[in-house]
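Novice: What follows is upload.txt, compact mmCIF, C-alpha atoms.
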# COMPACT_ATOMS: atom_id res chain seq x y z
CA LEU J 76 42.77 107.23 123.00
CA THR J 77 44.64 105.85 120.00
CA LEU J 78 42.24 102.91 119.80
CA VAL J 79 39.25 105.25 119.77
CA CYS J 80 40.77 107.33 116.97
CA SER J 81 41.46 104.21 114.93
CA VAL J 82 37.91 102.93 115.41
CA TRP J 83 36.58 106.36 114.51
CA ARG J 84 38.58 106.44 111.26
CA LEU J 85 37.50 102.92 110.35
CA ASN J 86 33.86 103.81 111.00
CA ALA J 87 34.16 106.91 108.85
CA PHE J 88 35.72 104.93 106.01
CA VAL J 89 33.01 102.25 106.10
CA LEU J 90 30.22 104.84 106.17
CA PHE J 91 31.93 106.72 103.33
CA LEU J 92 32.03 103.51 101.27
CA CYS J 93 28.36 102.83 101.95
CA GLU J 94 27.08 106.29 101.08
CA ALA J 95 29.51 107.68 98.50
CA PRO J 96 31.19 104.90 96.52
CA PHE J 97 31.90 107.22 93.58
CA CYS J 98 34.53 108.95 95.74
CA CYS J 99 36.34 105.62 96.07
CA GLN J 100 36.08 104.53 92.44
CA PHE J 101 39.65 103.22 92.34
CA ILE J 102 39.10 100.87 95.26
CA GLU J 103 37.96 97.57 93.77
CA PHE J 104 35.57 96.49 96.52
CA ALA J 105 33.82 99.88 96.90
CA ASN J 106 30.97 99.05 94.53
CA SER J 107 30.28 95.68 96.15
CA VAL J 108 30.14 97.29 99.61
CA SER J 109 27.79 99.98 98.32
CA ALA J 110 25.57 97.40 96.60
CA ARG J 111 25.36 95.37 99.79
CA ALA J 112 24.47 98.50 101.80
CA ASP J 113 21.76 99.42 99.28
CA ARG J 114 20.12 96.01 99.74
CA LEU J 115 19.65 96.60 103.47
CA ARG J 116 16.25 97.64 104.75
CA ALA J 117 15.83 101.02 106.41
CA TRP J 118 15.68 99.61 109.94
CA GLN J 119 18.85 97.59 109.31
CA LYS J 120 20.64 100.72 108.10
CA ALA J 121 19.39 102.54 111.19
CA ALA J 122 20.80 99.86 113.49
CA PHE J 123 24.08 99.80 111.55
CA TYR J 124 24.59 103.56 111.65
CA CYS J 125 23.56 103.98 115.27
CA GLY J 126 25.69 101.02 116.33
CA MET J 127 28.73 102.38 114.54
CA ALA J 128 28.17 105.78 116.14
CA VAL J 129 27.73 104.44 119.67
CA PHE J 130 30.79 102.15 119.68
CA PRO J 131 33.48 104.88 119.85
CA VAL J 132 31.45 106.78 122.45
CA VAL J 133 31.40 103.67 124.65
CA LEU J 134 35.18 103.36 124.31
CA SER J 135 35.86 106.98 125.25
CA LEU J 136 33.11 109.28 126.49
CA THR J 137 34.40 112.75 125.64
CA LEU J 138 32.77 115.79 124.15
CA THR J 139 34.70 115.51 120.88
CA THR J 140 33.71 111.87 120.49
CA LEU J 141 30.07 112.77 121.06
CA PHE J 142 30.13 115.60 118.52
CA GLY J 143 32.12 113.56 116.02
CA ASN J 144 29.66 110.69 116.05
CA ALA J 145 26.53 112.81 116.26
CA ILE J 146 26.10 113.05 112.48
CA ALA J 147 26.33 109.28 112.01
CA PHE J 148 23.86 108.74 114.85
CA ALA J 149 21.51 111.35 113.37
CA THR J 150 21.67 109.56 110.03
CA GLY J 151 20.74 106.33 111.79
CA VAL J 152 17.82 108.06 113.47
CA LEU J 153 16.60 109.38 110.11
CA TYR J 154 16.81 105.90 108.60
CA GLY J 155 14.87 104.61 111.61
CA LEU J 156 12.18 107.23 111.17
CA SER J 157 11.89 106.35 107.48
CA ALA J 158 11.49 102.70 108.46
CA LEU J 159 8.47 103.62 110.59
CA GLY J 160 6.72 105.10 107.57
CA LYS J 161 3.88 107.55 107.53
CA LYS J 162 1.54 107.76 110.46
Would you mind giving the structure from this file in structure tokens?

Specialist:
Amino acid sequence: LTLVCSVWRLNAFVLFLCEAPFCCQFIEFANSVSARADRLRAWQKAAFYCGMAVFPVVLSLTLTTLFGNAIAFATGVLYGLSALGKK
């Protein structure tokens, strides 16, 4: 359980750096991480977000883990849908 919580916190921190680097302006590498995440294509972001959301669920399949990672997985799904484009 401790491992899952640690992975969950690390995932949240990485996603926070990718999406909101202005909140981490005093961390030196925050802008470089954000710039690298902005260069990714939409399908790569989708795979990244969904992969990071599925990993803790695989480690510990509980209701709280599912609900906690649902927003990251939903973000990955939205990036995947944007990669498909218009019909």

Novice: In terms of the shortest atom-to-atom distance over all atoms listed in the file, which of J:Ala117, J:Ile146, J:Leu153, J:Ala105 is closest to Phe88 (chain J)?

Specialist: J:Ala105

Novice: Do you know which residues lie at most 12 Å from (37.1, 106.5, 113.5), with coordinates as in the file and only C-alpha atoms counted, and could you write them as a list in words?

Specialist: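 The answer, in the requested form, is Leu76, Thr77, Leu78, Val79, Cys80, Ser81, Val82, Trp83, Arg84, Leu85, Asn86, Ala87, Phe88, Val89, Leu90, Phe91, Met127, Ala128, Val129, Phe130, Pro131, Val132, Leu134, Ser135, Thr139, Thr140, Gly143, Asn144 and Ala147 of chain J.
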
Novice: One decimal, in Å: what's the spacing between CA of Leu115 (chain J) and CA of Cys93 (chain J)?

Specialist: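 It comes out at 10.8 Å.
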
Novice: Taking into account all atoms listed in the file, which residue in the set J:Leu136, J:Gln119, J:Leu92, J:Gly155 is nearest to Ser107 (chain J)?

Specialist: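 Using all atoms listed in the file, the shortest distance to Ser107 (chain J) belongs to J:Leu92.
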
Novice: Grab the CA of Glu94 (chain J) to CA of Gly151 (chain J) distance for me, in Å with one decimal place.

Specialist: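 So the two atoms, CA of Glu94 (chain J) and CA of Gly151 (chain J), lie 12.4 Å apart.
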
Novice: Please, which residues are within 10 Å of (17.3, 103.4, 106.6) by the file's coordinates, counting all atoms listed in the file, and could they come as a ChimeraX atom specification?

Specialist: /J:112-113,115-124,150-159

Novice: Provide the CA of Ala95 (chain J) to CA of Phe148 (chain J) distance in Å, to one decimal place.

Specialist: 17.3 Å
